[in-house]
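A.B. asks: Here you go, protein_12.txt (compact mmCIF, C-alpha atoms):
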```txt
# COMPACT_ATOMS: atom_id res chain seq x y z
CA MET A 1 87.74 87.16 78.52
CA ILE A 2 84.62 88.00 80.52
CA LEU A 3 85.16 84.89 82.61
CA PHE A 4 88.71 86.01 83.44
CA ASN A 5 87.51 89.50 84.33
CA ALA A 6 84.91 88.01 86.66
CA LEU A 7 87.58 85.77 88.25
CA ASP A 8 89.91 88.75 88.74
CA LEU A 9 87.15 90.87 90.26
CA GLY A 10 86.23 87.99 92.57
CA LEU A 11 89.88 87.57 93.55
CA ALA A 12 90.22 91.30 94.29
CA ALA A 13 87.03 91.19 96.39
CA ILE A 14 88.35 88.21 98.39
CA VAL A 15 91.72 89.93 98.96
CA LEU A 16 89.95 93.06 100.27
CA GLY A 17 87.58 90.93 102.37
CA VAL A 18 90.41 88.95 103.97
CA ALA A 19 92.33 92.19 104.60
CA ALA A 20 89.31 93.70 106.37
CA TRP A 21 88.79 90.49 108.35
CA THR A 22 92.45 90.52 109.43
CA ILE A 23 92.13 94.09 110.72
CA ALA A 24 88.80 93.38 112.46
CA ALA A 25 89.95 90.10 114.11
CA ARG A 26 90.02 90.59 117.87
CA ARG A 27 92.40 87.78 118.72
CA VAL A 28 96.06 87.86 117.69
CA PHE A 29 96.10 84.30 116.37
CA LYS A 30 93.04 84.91 114.16
CA ALA A 31 94.67 88.02 112.73
CA VAL A 32 97.85 86.05 111.97
CA VAL A 33 95.87 83.34 110.18
CA GLY A 34 94.08 86.03 108.19
CA TYR A 35 97.40 87.65 107.29
CA VAL A 36 98.87 84.37 106.02
CA ALA A 37 95.76 83.72 103.88
CA TYR A 38 96.07 87.31 102.61
CA GLY A 39 99.70 86.67 101.60
CA LEU A 40 98.79 83.51 99.68
CA LEU A 41 95.92 85.31 97.90
CA LEU A 42 98.30 88.13 96.96
CA ALA A 43 100.59 85.51 95.41
CA ILE A 44 97.69 84.50 93.14
CA VAL A 45 97.13 88.19 92.31
CA TRP A 46 100.79 88.47 91.21
CA VAL A 47 100.36 85.40 89.01
CA ARG A 48 97.35 87.09 87.38
CA LEU A 49 99.52 90.20 86.84
CA TYR A 50 102.05 88.01 84.96
CA ALA A 51 104.68 88.43 87.67
CA PRO A 52 105.51 84.85 88.69
CA ASP A 53 108.84 85.86 90.28
CA VAL A 54 107.07 88.26 92.63
CA ALA A 55 104.35 85.65 93.25
CA LEU A 56 106.95 83.10 94.40
CA THR A 57 108.55 85.65 96.72
CA GLU A 58 105.18 86.73 98.10
CA ALA A 59 104.11 83.13 98.79
CA ALA A 60 107.44 82.30 100.47
CA ILE A 61 107.86 85.53 102.45
CA GLY A 62 104.33 86.97 102.86
CA GLY A 63 102.67 83.59 103.45
CA GLY A 64 105.47 81.45 104.83
CA VAL A 65 108.29 83.14 106.71
CA THR A 66 106.28 86.14 107.97
CA GLY A 67 103.52 83.72 109.03
CA VAL A 68 105.90 81.66 111.18
CA LEU A 69 107.44 84.86 112.54
CA LEU A 70 104.02 86.24 113.54
CA VAL A 71 102.79 82.93 115.00
CA SER A 72 105.86 82.59 117.22
CA ALA A 73 105.59 86.28 118.16
CA SER A 74 101.93 85.85 119.12
CA THR A 75 102.68 82.77 121.26
CA ARG A 76 105.41 84.73 123.04
CA LEU A 77 103.02 87.65 123.57
CA GLN A 78 100.40 85.35 125.11
CA ARG A 79 102.93 84.09 127.66
CA LEU A 80 103.40 87.63 128.94
CA PRO A 81 101.03 88.92 131.65
CA ALA A 82 98.04 90.73 130.13
CA PRO A 83 98.36 94.54 130.13
CA ASP A 84 96.47 96.35 132.93
CA ALA A 85 94.22 98.29 130.56
CA PRO A 86 93.34 97.73 126.89
CA PRO A 87 94.66 100.44 124.54
CA GLY A 88 92.59 103.62 124.89
CA ALA A 89 90.43 105.19 122.17
CA ALA A 90 93.04 107.89 121.47
CA LEU A 91 95.75 105.29 120.76
CA LYS A 92 93.40 103.29 118.53
CA ILE A 93 92.41 106.37 116.53
CA ALA A 94 96.04 107.46 116.19
CA ALA A 95 97.01 103.98 114.92
CA ALA A 96 94.08 103.96 112.47
CA LEU A 97 94.95 107.44 111.18
CA LEU A 98 98.61 106.53 110.71
CA SER A 99 97.67 103.32 108.82
CA ALA A 100 95.12 105.21 106.68
CA LEU A 101 97.77 107.86 105.88
CA VAL A 102 100.29 105.23 104.71
CA ALA A 103 97.62 103.39 102.68
CA GLY A 104 96.37 106.71 101.23
CA VAL A 105 99.84 107.86 100.15
CA LEU A 106 100.51 104.47 98.55
CA ALA A 107 97.15 104.53 96.76
CA ALA A 108 97.80 108.09 95.53
CA ALA A 109 101.26 107.11 94.30
CA VAL A 110 99.76 104.25 92.29
CA LEU A 111 96.77 106.23 90.98
CA TYR A 112 98.85 109.23 89.85
CA LEU A 113 101.37 107.17 87.88
CA PRO A 114 101.77 108.56 84.35
CA ASP A 115 99.62 106.66 81.89
CA PRO A 116 101.06 104.76 80.07
CA ALA A 117 103.54 104.17 82.87
CA ARG A 118 107.19 104.72 81.97
CA SER A 119 108.81 101.35 81.66
CA LEU A 120 112.39 100.15 81.41
CA ALA A 121 111.18 96.65 80.52
CA PRO A 122 112.08 96.91 76.79
CA GLU A 123 115.58 98.18 77.77
CA ALA A 124 115.98 95.34 80.26
CA ASP A 125 114.97 92.83 77.59
CA ALA A 126 117.20 94.37 74.92
CA HIS A 127 120.41 93.92 76.94
CA LEU A 128 119.51 90.50 78.31
CA ALA A 129 121.90 88.76 75.91
CA ALA A 130 124.89 90.60 77.43
CA THR A 131 124.22 88.96 80.81
CA GLY A 132 123.81 85.47 79.37
CA LEU A 133 120.60 85.10 81.44
CA GLY A 134 117.11 84.27 80.21
CA ASN A 135 115.13 85.74 83.10
CA ALA A 136 114.99 89.55 82.93
CA VAL A 137 114.06 89.78 86.63
CA THR A 138 117.25 88.01 87.68
CA ALA A 139 119.22 90.22 85.27
CA VAL A 140 117.74 93.34 86.88
CA LEU A 141 118.47 92.08 90.39
CA ILE A 142 122.00 90.77 89.98
CA ALA A 143 123.34 92.64 86.94
CA TYR A 144 121.59 95.97 86.19
CA ARG A 145 121.14 97.06 89.80
CA SER A 146 123.56 94.70 91.47
CA PHE A 147 124.79 97.29 93.98
CA ASP A 148 121.24 97.77 95.35
CA THR A 149 120.69 94.04 95.67
CA MET A 150 124.01 93.67 97.50
CA LEU A 151 122.97 96.40 99.95
CA GLU A 152 119.60 94.70 100.50
CA LYS A 153 121.41 91.57 101.59
CA VAL A 154 123.54 93.68 103.95
CA VAL A 155 120.29 95.01 105.43
CA LEU A 156 119.20 91.41 106.15
CA VAL A 157 122.46 90.77 108.02
CA LEU A 158 121.92 94.00 109.98
CA ALA A 159 118.39 92.82 110.85
CA VAL A 160 119.84 89.62 112.35
CA ALA A 161 122.42 91.68 114.27
CA GLY A 162 119.55 93.85 115.53
CA VAL A 163 117.58 90.81 116.74
CA TRP A 164 120.66 89.38 118.47
CA SER A 165 121.50 92.68 120.11
CA VAL A 166 118.42 92.58 122.37
CA ALA A 167 119.76 89.44 124.06
CA PRO A 168 120.70 89.83 127.75
CA ASP A 169 124.49 89.87 128.29
CA ARG A 170 124.61 86.49 130.02
CA PHE A 171 123.02 84.76 127.02
CA TRP A 172 125.32 86.36 124.44
CA GLY A 173 126.82 83.65 122.25
CA GLY A 174 124.17 81.12 123.33
CA ALA A 175 121.39 79.57 121.29
CA PRO A 176 117.85 80.91 120.70
CA ALA A 177 114.90 79.01 122.19
CA PRO A 178 113.82 75.89 120.24
CA LEU A 179 110.94 76.48 117.81
CA GLY A 180 108.65 73.54 118.64
CA ARG A 181 107.39 71.77 121.75
CA ALA A 182 109.73 69.41 123.61
CA ALA A 183 107.71 66.39 122.40
CA PRO A 184 106.72 67.17 118.78
CA ASP A 185 103.84 65.42 117.01
CA ALA A 186 104.91 62.17 115.34
CA ALA A 187 103.26 63.46 112.16
CA LEU A 188 105.42 66.59 112.22
CA VAL A 189 108.57 64.50 112.67
CA PHE A 190 107.50 62.39 109.70
CA LEU A 191 106.85 65.52 107.61
CA ALA A 192 110.25 66.98 108.51
CA ARG A 193 112.05 63.76 107.56
CA VAL A 194 110.21 63.28 104.26
CA LEU A 195 109.78 66.88 103.14
CA ALA A 196 113.17 68.36 104.07
CA PRO A 197 115.23 66.39 101.48
CA ILE A 198 112.62 67.07 98.76
CA GLY A 199 112.41 70.73 99.73
CA ALA A 200 116.19 71.07 99.66
CA VAL A 201 116.24 69.79 96.06
CA ILE A 202 113.35 72.11 95.08
CA GLY A 203 115.05 75.10 96.73
CA VAL A 204 118.33 74.55 94.88
CA GLN A 205 116.44 73.88 91.64
CA MET A 206 114.47 77.11 92.01
CA PHE A 207 117.73 79.07 92.37
CA TRP A 208 119.30 77.25 89.41
CA VAL A 209 116.40 77.71 86.94
CA GLY A 210 116.07 81.33 88.18
CA ALA A 211 118.71 82.28 85.63
CA ASP A 212 116.34 81.55 82.76
CA GLU A 213 112.85 81.05 84.22
CA PRO A 214 110.85 82.41 87.17
CA GLY A 215 112.70 81.75 90.41
CA GLY A 216 115.99 82.93 91.79
CA ALA A 217 118.26 83.20 94.80
CA PHE A 218 115.71 84.73 97.16
CA GLN A 219 112.90 82.27 96.36
CA GLY A 220 115.21 79.26 96.50
CA GLY A 221 116.82 80.50 99.71
CA ALA A 222 113.39 81.04 101.29
CA ILE A 223 112.43 77.41 100.55
CA LEU A 224 115.68 76.14 102.07
CA ALA A 225 115.02 78.38 105.09
CA ALA A 226 111.52 76.87 105.44
CA MET A 227 113.01 73.36 105.38
CA TRP A 228 115.49 74.22 108.13
CA MET A 229 112.64 75.70 110.19
CA ILE A 230 110.45 72.59 109.75
CA VAL A 231 113.33 70.36 110.86
CA MET A 232 113.87 72.59 113.91
CA MET A 233 110.11 72.61 114.71
CA ALA A 234 110.12 68.80 114.64
CA ARG A 235 113.09 68.97 117.03
CA GLN A 236 115.25 66.93 114.69
CA THR A 237 117.90 69.61 115.14
CA GLU A 238 118.32 72.40 117.67
CA PRO A 239 118.90 76.12 116.97
CA PRO A 240 122.62 76.86 116.58
CA ARG A 241 124.66 78.90 119.05
CA ILE A 242 125.01 82.41 117.64
CA SER A 243 128.72 82.38 118.46
CA SER A 244 129.23 79.59 115.91
CA GLY A 245 131.85 80.67 113.38
CA TRP A 246 130.32 78.62 110.57
CA LEU A 247 126.92 80.20 111.17
CA ARG A 248 128.32 83.72 111.02
CA LEU A 249 130.40 82.90 107.96
CA GLY A 250 127.30 81.54 106.18
CA LEU A 251 125.32 84.60 107.26
CA ILE A 252 127.70 87.07 105.59
CA ALA A 253 128.84 84.81 102.72
CA GLY A 254 126.24 86.19 100.25
CA PRO A 255 126.89 89.93 100.64
CA ALA A 256 130.64 89.33 101.10
CA VAL A 257 131.05 87.33 97.86
CA PHE A 258 128.80 89.87 96.10
CA LEU A 259 130.94 92.77 97.34
CA LEU A 260 134.20 91.04 96.39
CA ALA A 261 132.84 90.32 92.89
CA GLY A 262 131.83 93.98 92.65
CA LEU A 263 135.27 95.17 93.82
CA ALA A 264 136.90 92.87 91.26
CA GLY A 265 134.87 94.69 88.58
CA PRO A 266 137.50 97.35 87.74
CA ILE A 267 140.16 94.63 87.30
CA MET A 268 138.13 91.98 85.48
CA ALA A 269 135.79 94.29 83.56
CA SER A 270 135.26 98.00 82.97
CA SER A 271 134.07 99.37 86.31
CA PHE A 272 132.87 98.85 89.88
CA PHE A 273 130.21 96.06 89.96
CA ALA A 274 130.68 95.36 86.23
CA PHE A 275 130.91 91.73 85.19
CA PRO A 276 133.39 90.49 82.54
CA GLU A 277 131.90 90.33 79.06
CA GLY A 278 130.93 86.84 77.91
CA PHE A 279 131.57 85.48 81.40
CA ALA A 280 128.78 87.30 83.21
CA LYS A 281 126.45 84.35 83.75
CA PRO A 282 128.92 82.15 85.67
CA VAL A 283 129.85 85.12 87.89
CA ILE A 284 126.16 85.89 88.52
CA LEU A 285 125.35 82.27 89.41
CA PHE A 286 128.44 82.10 91.66
CA ILE A 287 127.28 85.18 93.58
CA GLU A 288 123.70 83.87 93.72
CA ALA A 289 124.77 80.51 95.15
CA PHE A 290 126.29 82.24 98.19
CA MET A 291 123.25 84.50 98.47
CA VAL A 292 121.01 81.41 98.62
CA LEU A 293 123.12 80.16 101.53
CA SER A 294 122.92 83.50 103.35
CA ILE A 295 119.16 83.85 102.85
CA ALA A 296 118.55 80.26 103.98
CA ILE A 297 120.44 81.08 107.20
CA THR A 298 119.15 84.64 107.73
CA LEU A 299 115.39 83.99 107.61
CA PRO A 300 115.33 81.19 110.26
CA LEU A 301 117.61 83.28 112.50
CA LEU A 302 115.11 86.16 112.30
CA VAL A 303 112.30 83.76 113.25
CA LEU A 304 114.30 82.15 116.08
CA GLY A 305 114.88 85.51 117.76
CA PRO A 306 117.58 86.48 120.24
CA PRO A 307 119.51 83.82 122.16
CA ASN A 308 117.97 82.98 125.52
CA ARG A 309 120.20 80.22 126.78
CA GLU A 310 123.70 80.19 128.27
CA ALA A 311 126.48 79.72 125.74
CA GLY A 312 127.45 76.48 127.48
CA ARG A 313 131.19 76.81 127.07
CA MET B 314 91.25 62.35 69.87
CA ASN B 315 91.65 65.99 70.88
CA ALA B 316 87.94 66.40 71.53
CA LEU B 317 88.05 63.25 73.67
CA LEU B 318 90.98 64.61 75.71
CA ASP B 319 89.16 67.93 76.11
CA LEU B 320 86.09 66.09 77.36
CA PHE B 321 88.26 64.13 79.80
CA THR B 322 89.81 67.39 81.12
CA VAL B 323 86.42 69.06 81.52
CA LEU B 324 84.94 66.02 83.32
CA ALA B 325 87.92 65.46 85.65
CA VAL B 326 88.45 69.14 86.53
CA GLY B 327 84.68 69.54 86.94
CA ALA B 328 84.57 66.60 89.35
CA GLY B 329 87.55 68.07 91.22
CA VAL B 330 85.81 71.43 91.53
CA PHE B 331 82.73 69.60 92.83
CA PHE B 332 84.80 67.99 95.59
CA PHE B 333 86.32 71.36 96.53
CA LEU B 334 82.86 72.91 96.62
CA ALA B 335 81.43 70.04 98.68
CA GLY B 336 84.44 70.22 101.03
CA SER B 337 84.01 73.98 101.47
CA VAL B 338 80.27 73.64 102.16
CA ALA B 339 80.99 70.87 104.66
CA LEU B 340 83.69 73.01 106.29
CA LEU B 341 81.07 75.67 106.92
CA ARG B 342 78.18 73.35 107.84
CA PHE B 343 79.62 70.39 109.76
CA PRO B 344 79.04 70.54 113.52
CA ASP B 345 82.43 69.67 115.09
CA SER B 346 86.11 70.16 114.29
CA LEU B 347 86.92 66.52 113.54
CA SER B 348 84.15 66.23 110.90
CA ARG B 349 85.24 69.54 109.39
CA LEU B 350 88.81 68.24 109.24
CA HIS B 351 87.52 65.10 107.51
CA ALA B 352 85.70 67.19 104.89
CA LEU B 353 88.71 69.42 104.31
CA THR B 354 91.16 66.57 103.71
CA LYS B 355 88.76 64.98 101.21
CA ALA B 356 88.72 68.22 99.22
CA ASP B 357 92.53 68.38 99.23
CA ASN B 358 92.95 64.73 98.37
CA LEU B 359 90.26 63.97 95.78
CA GLY B 360 89.55 67.51 94.58
CA LEU B 361 93.15 68.40 93.78
CA GLY B 362 93.82 64.85 92.58
CA LEU B 363 91.03 65.09 89.99
CA VAL B 364 92.07 68.60 88.91
CA VAL B 365 95.65 67.36 88.40
CA LEU B 366 94.40 64.26 86.58
CA GLY B 367 92.37 66.47 84.26
CA LEU B 368 95.32 68.77 83.56
CA ILE B 369 97.82 65.99 82.78
CA PRO B 370 96.79 65.64 79.09
CA ARG B 371 97.24 69.42 78.72
CA ALA B 372 100.80 69.44 80.15
CA ALA B 373 103.40 70.71 77.66
CA SER B 374 105.78 67.80 78.31
CA PRO B 375 105.97 64.54 80.29
CA LEU B 376 108.20 66.38 82.78
CA ALA B 377 105.53 69.05 83.31
CA ALA B 378 102.95 66.28 83.89
CA LEU B 379 105.29 64.68 86.41
CA LYS B 380 105.65 68.05 88.18
CA LEU B 381 101.86 68.27 88.49
CA ILE B 382 101.77 64.84 90.12
CA VAL B 383 104.62 65.75 92.48
CA LEU B 384 102.68 68.90 93.39
CA TRP B 385 99.65 66.78 94.28
CA ALA B 386 101.80 64.39 96.34
CA LEU B 387 103.38 67.30 98.25
CA VAL B 388 99.95 68.78 99.03
CA GLN B 389 98.91 65.29 100.25
CA LEU B 390 101.90 65.17 102.57
CA GLY B 391 101.17 68.67 103.89
CA SER B 392 97.44 68.23 104.35
CA ALA B 393 97.77 64.79 105.97
CA THR B 394 100.30 66.18 108.45
CA VAL B 395 98.22 69.24 109.24
CA ALA B 396 95.11 67.05 109.74
CA GLN B 397 97.05 64.79 112.14
CA MET B 398 98.38 67.78 114.07
CA ILE B 399 95.01 69.53 114.35
CA GLY B 400 93.43 66.22 115.38
CA GLY B 401 96.12 65.70 118.01
CA ALA B 402 95.65 69.23 119.34
CA LEU B 403 91.88 68.65 119.57
CA ARG B 404 92.40 65.43 121.54
CA ARG B 405 94.80 67.13 123.93
CA ARG B 406 92.29 69.93 124.48
CA GLU B 407 89.52 67.39 125.17
CA ALA B 408 91.79 65.62 127.66
CA ILE B 409 92.25 68.93 129.52
CA GLU B 410 88.55 69.78 129.62
```
Show me, as structure tokens, the structure contained in the file I just sent.

C.D. replies:
Amino acid sequence: MILFNALDLGLAAIVLGVAAWTIAARRVFKAVVGYVAYGLLLAIVWVRLYAPDVALTEAAIGGGVTGVLLVSASTRLQRLPAPDAPPGAALKIAAALLSALVAGVLAAAVLYLPDPARSLAPEADAHLAATGLGNAVTAVLIAYRSFDTMLEKVVLVLAVAGVWSVAPDRFWGGAPAPLGRAAPDAALVFLARVLAPIGAVIGVQMFWVGADEPGGAFQGGAILAAMWMIVMMARQTEPPRISSGWLRLGLIAGPAVFLLAGLAGPIMASSFFAFPEGFAKPVILFIEAFMVLSIAITLPLLVLGPPNREAGR
Amino acid sequence: MNALLDLFTVLAVGAGVFFFLAGSVALLRFPDSLSRLHALTKADNLGLGLVVLGLIPRAASPLAALKLIVLWALVQLGSATVAQMIGGALRRREAIE
């Protein structure tokens, strides 16, 4: 037990150290590398807190997708002309104060939780049988609070619409800039060709076992998204035109199927967003399958950014 | 038999940890990027390989053992690619200078 306590304390110290290093880093790229390492360490923290579902999401989103997003953002920033003057002391202090305020409020919220914290975990476990699922986290996400989850997916679609909307008019309907260099490393091409098929299988498997074990639609979708991004970085495929009907259909498929299943609730079951008794699991997996598709399309589109090429019609 | 398997796990995982430690020390101490890269890939390759080897007898099922091996193979693929790409980037930078 003492050994585990020492390991946990060490882990917490490293997380804090990497966080401080990320803030103190003077170059954007260094800060991004620090942030990715921080995300991966946080994933280990979630594992130690017995939350493997959150750990998977943190590794995929905090380490993976956000990392790619920040790296491509920092390369784009470096291509811009340097600002005339570095940010002044007043701006720096204001930013530090704002960050400290957010961190302070979050810390206070955690520290002033009632002890023992109120928990709905026993309730969630008790009604698990009604959903036919084995993983309580998936049951919470898709069954108990399905309306919230549906709205979260709508938010992701809105985020993509927001990114697209900053495109200049003449590029509307065109494709975003390619992710990698024109002549990618041979090693990267090899990785894309070997890893993408394996990753596709792992992504689908992670969604499928998510019904009963750690995993789920978001984690599986994030892995599929990573595979698509690697293939695009290796220039084995180019970013799609945003006017593509199939792309847009895939983008909204998840929330749309979710909403339709929710609207069918009053007919098939008792109420809005209720699933038919004894048939809940197939409905949940059906919804999740389309959510996997939407997430796998949404995340790369957020990384790709707005279109910057003519539609080429 | 069990004691023997335990001993095997301790020895293999211990050796793996040694390679990770040696790789990390080398990463901090070696003079240039290519040598550091060399040290890092050894830690990934041998270190993780030995840790996985040591954990195989403790896997709950043959499938779980297979998953551990697949995990090692995937890390190999990733680390070999990253090493190639960093090496390539270093060579391009040298060509510029």

A.B. asks: Residues of chain A were defined as contacting chain B if any atom lay at most 8 Å from it, counting all atoms listed in the file; please report them as a PyMOL selection string.

C.D. replies: chain A and resi 185+187-188+191

A.B. asks: Could you state the separation of atom CA of Asn135 of chain A and atom CA of Ala196 of chain A in Å, given to one decimal place?

C.D. replies: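 Atom CA of Ala196 of chain A lies at a distance of 27.3 Å from atom CA of Asn135 of chain A.
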
A.B. asks: Would you kindly return, as a list in words, each protein, DNA or RNA residue with an atom no farther than 12 Å from any atom of Ala328 of chain B, considering all atoms listed in the file and excluding same-chain residues fewer than 6 positions away?

C.D. replies: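 Neighbouring residues, sequence-local ones excluded: Phe321, Thr322, Leu334, Ala335, Ala356, Leu359, Gly360, Leu361, Gly362, Leu363, Val364, Val365, Leu366 and Gly367 of chain B.
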
A.B. asks: Between atom CA of Leu317 of chain B and atom CA of Pro370 of chain B, measure the distance and give it in Å to one decimal.

C.D. replies: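 Interatomic distance here is 10.6 Å.
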
A.B. asks: I'd like a table as JSON lines: residues in segment 61-148 of chain A with an atom no more than 7 Å from segment 279-283 of chain A, each row giving the shortest atom pair and its distance in Å to one decimal, only C-alpha atoms counted, sorted by chain and rising residue number.

C.D. replies:
```
{"residue": "A:Thr131", "atom": "CA", "partner": "A:Ala280", "partner_atom": "CA", "distance": 5.4}
{"residue": "A:Gly132", "atom": "CA", "partner": "A:Lys281", "partner_atom": "CA", "distance": 5.2}
{"residue": "A:Leu133", "atom": "CA", "partner": "A:Lys281", "partner_atom": "CA", "distance": 6.3}
```

A.B. asks: Which value, in Å to one decimal, gives the distance between atom CA of Leu42 of chain A and atom CA of Val231 of chain A?

C.D. replies: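 According to the coordinates, atom CA of Leu42 of chain A and atom CA of Val231 of chain A are separated by 27.1 Å.
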
A.B. asks: Hey, what's within 9 Å of segment 340-352 of chain B if we count all atoms listed in the file and toss same-chain stuff fewer than 6 positions away? As a VMD selection string, please?

C.D. replies: chain B and resid 396 399 to 400 403

A.B. asks: Which is closer to Leu318 of chain B than all the others in B:Phe332, B:Asp357, B:Ala373, B:Leu368, using only C-alpha atoms?

C.D. replies: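 For Leu318 of chain B, the nearest of the given residues is B:Leu368.
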
A.B. asks: For the point (131.8, 96.9, 90.3) in file coordinates, what residues are within 8 Å, counting only C-alpha atoms? Give the answer as a ChimeraX atom specification?

C.D. replies: /A:147,261-266,271-275

A.B. asks: Produce a file of the selected residues containing C-alpha atoms, as a PDB file, in the coordinates of the input.

C.D. replies:
```
ATOM      1  CA  PHE A 147     124.790  97.290  93.980  1.00  0.00           C
ATOM      2  CA  ALA A 261     132.840  90.320  92.890  1.00  0.00           C
ATOM      3  CA  GLY A 262     131.830  93.980  92.650  1.00  0.00           C
ATOM      4  CA  LEU A 263     135.270  95.170  93.820  1.00  0.00           C
ATOM      5  CA  ALA A 264     136.900  92.870  91.260  1.00  0.00           C
ATOM      6  CA  GLY A 265     134.870  94.690  88.580  1.00  0.00           C
ATOM      7  CA  PRO A 266     137.500  97.350  87.740  1.00  0.00           C
ATOM      8  CA  SER A 271     134.070  99.370  86.310  1.00  0.00           C
ATOM      9  CA  PHE A 272     132.870  98.850  89.880  1.00  0.00           C
ATOM     10  CA  PHE A 273     130.210  96.060  89.960  1.00  0.00           C
ATOM     11  CA  ALA A 274     130.680  95.360  86.230  1.00  0.00           C
ATOM     12  CA  PHE A 275     130.910  91.730  85.190  1.00  0.00           C
TER      13      PHE A 275
END
```

A.B. asks: Write out as a PyMOL selection string each polymer residue whose atoms come within 10 Å of Ser244 of chain A, counting only C-alpha atoms; drop sequence neighbours fewer than 6 positions from it.

C.D. replies: chain A and resi 173-175

A.B. asks: Taking all atoms of segment 349-361 of chain B that the file lists, what box with edges along x, y and z, padded by 3 Å per side, do you get, with centre and edge lengths in Å to one decimal, as lines of an AutoDock Vina configuration file?

C.D. replies:
```
center_x = 89.2
center_y = 66.8
center_z = 101.6
size_x = 13.9
size_y = 11.6
size_z = 21.6
```

A.B. asks: Please identify all polymer residues within 10 Å of Pro306 of chain A, counting all atoms listed in the file, omitting same-chain residues fewer than 4 positions from it, and present them as JSON, numbers by chain.

C.D. replies: {"A": [160, 161, 162, 163, 164, 165, 166, 167, 168, 171, 172, 173, 174, 175, 176, 177, 242, 301, 302]}

A.B. asks: I'd like the contact shell of Trp208 of chain A - 9 Å cut-off, only C-alpha atoms, skipping same-chain residues fewer than 3 positions apart - returned as a list in words.

C.D. replies: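 Listing them by chain and then by number gives Gly203, Val204, Gln205, Ala211, Asp212, Gly215, Gly216, Ala217, Gly220, Leu285 and Ala289 of chain A.
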
A.B. asks: Which residue, A:Ala95, A:Val28, A:Leu49, A:Val36, has the smallest gap to Asp8 of chain A when you use all atoms listed in the file?

C.D. replies: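 Answer, going by the shortest atom-to-atom distance: A:Leu49.
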
A.B. asks: Which residue gives the smallest distance to Gln219 of chain A among A:Leu3, A:Ala129, A:Val257, A:Leu299, with all atoms listed in the file counted?

C.D. replies: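 Closest to Gln219 of chain A of all the choices is A:Leu299.
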
A.B. asks: Write out N, CA and C atoms for segment 342-356 of chain B, as an mmCIF file, keeping the file's coordinate frame.

C.D. replies:
```
data_model
loop_
_atom_site.group_PDB
_atom_site.id
_atom_site.type_symbol
_atom_site.label_atom_id
_atom_site.label_comp_id
_atom_site.auth_asym_id
_atom_site.auth_seq_id
_atom_site.Cartn_x
_atom_site.Cartn_y
_atom_site.Cartn_z
ATOM 1 N N ARG B 342 79.417 73.881 107.262
ATOM 2 C CA ARG B 342 78.180 73.350 107.840
ATOM 3 C C ARG B 342 78.372 72.288 108.907
ATOM 4 N N PHE B 343 79.480 71.530 108.838
ATOM 5 C CA PHE B 343 79.620 70.390 109.760
ATOM 6 C C PHE B 343 79.721 70.882 111.209
ATOM 7 N N PRO B 344 79.189 70.050 112.152
ATOM 8 C CA PRO B 344 79.040 70.540 113.520
ATOM 9 C C PRO B 344 80.338 70.624 114.321
ATOM 10 N N ASP B 345 81.256 69.640 114.194
ATOM 11 C CA ASP B 345 82.430 69.670 115.090
ATOM 12 C C ASP B 345 83.727 69.641 114.286
ATOM 13 N N SER B 346 84.823 69.956 114.965
ATOM 14 C CA SER B 346 86.110 70.160 114.290
ATOM 15 C C SER B 346 86.594 68.919 113.558
ATOM 16 N N LEU B 347 86.405 67.728 114.176
ATOM 17 C CA LEU B 347 86.920 66.520 113.540
ATOM 18 C C LEU B 347 86.207 66.241 112.213
ATOM 19 N N SER B 348 84.878 66.441 112.168
ATOM 20 C CA SER B 348 84.150 66.230 110.900
ATOM 21 C C SER B 348 84.578 67.255 109.871
ATOM 22 N N ARG B 349 84.799 68.500 110.321
ATOM 23 C CA ARG B 349 85.240 69.540 109.390
ATOM 24 C C ARG B 349 86.601 69.192 108.807
ATOM 25 N N LEU B 350 87.470 68.667 109.670
ATOM 26 C CA LEU B 350 88.810 68.240 109.240
ATOM 27 C C LEU B 350 88.693 67.155 108.179
ATOM 28 N N HIS B 351 87.778 66.202 108.436
ATOM 29 C CA HIS B 351 87.520 65.100 107.510
ATOM 30 C C HIS B 351 87.113 65.646 106.143
ATOM 31 N N ALA B 352 86.186 66.617 106.152
ATOM 32 C CA ALA B 352 85.700 67.190 104.890
ATOM 33 C C ALA B 352 86.825 67.901 104.154
ATOM 34 N N LEU B 353 87.647 68.626 104.910
ATOM 35 C CA LEU B 353 88.710 69.420 104.310
ATOM 36 C C LEU B 353 89.745 68.521 103.622
ATOM 37 N N THR B 354 90.129 67.430 104.293
ATOM 38 C CA THR B 354 91.160 66.570 103.710
ATOM 39 C C THR B 354 90.633 65.859 102.472
ATOM 40 N N LYS B 355 89.314 65.583 102.423
ATOM 41 C CA LYS B 355 88.760 64.980 101.210
ATOM 42 C C LYS B 355 88.886 65.947 100.030
ATOM 43 N N ALA B 356 88.614 67.232 100.295
ATOM 44 C CA ALA B 356 88.720 68.220 99.220
ATOM 45 C C ALA B 356 90.156 68.287 98.706
#
```
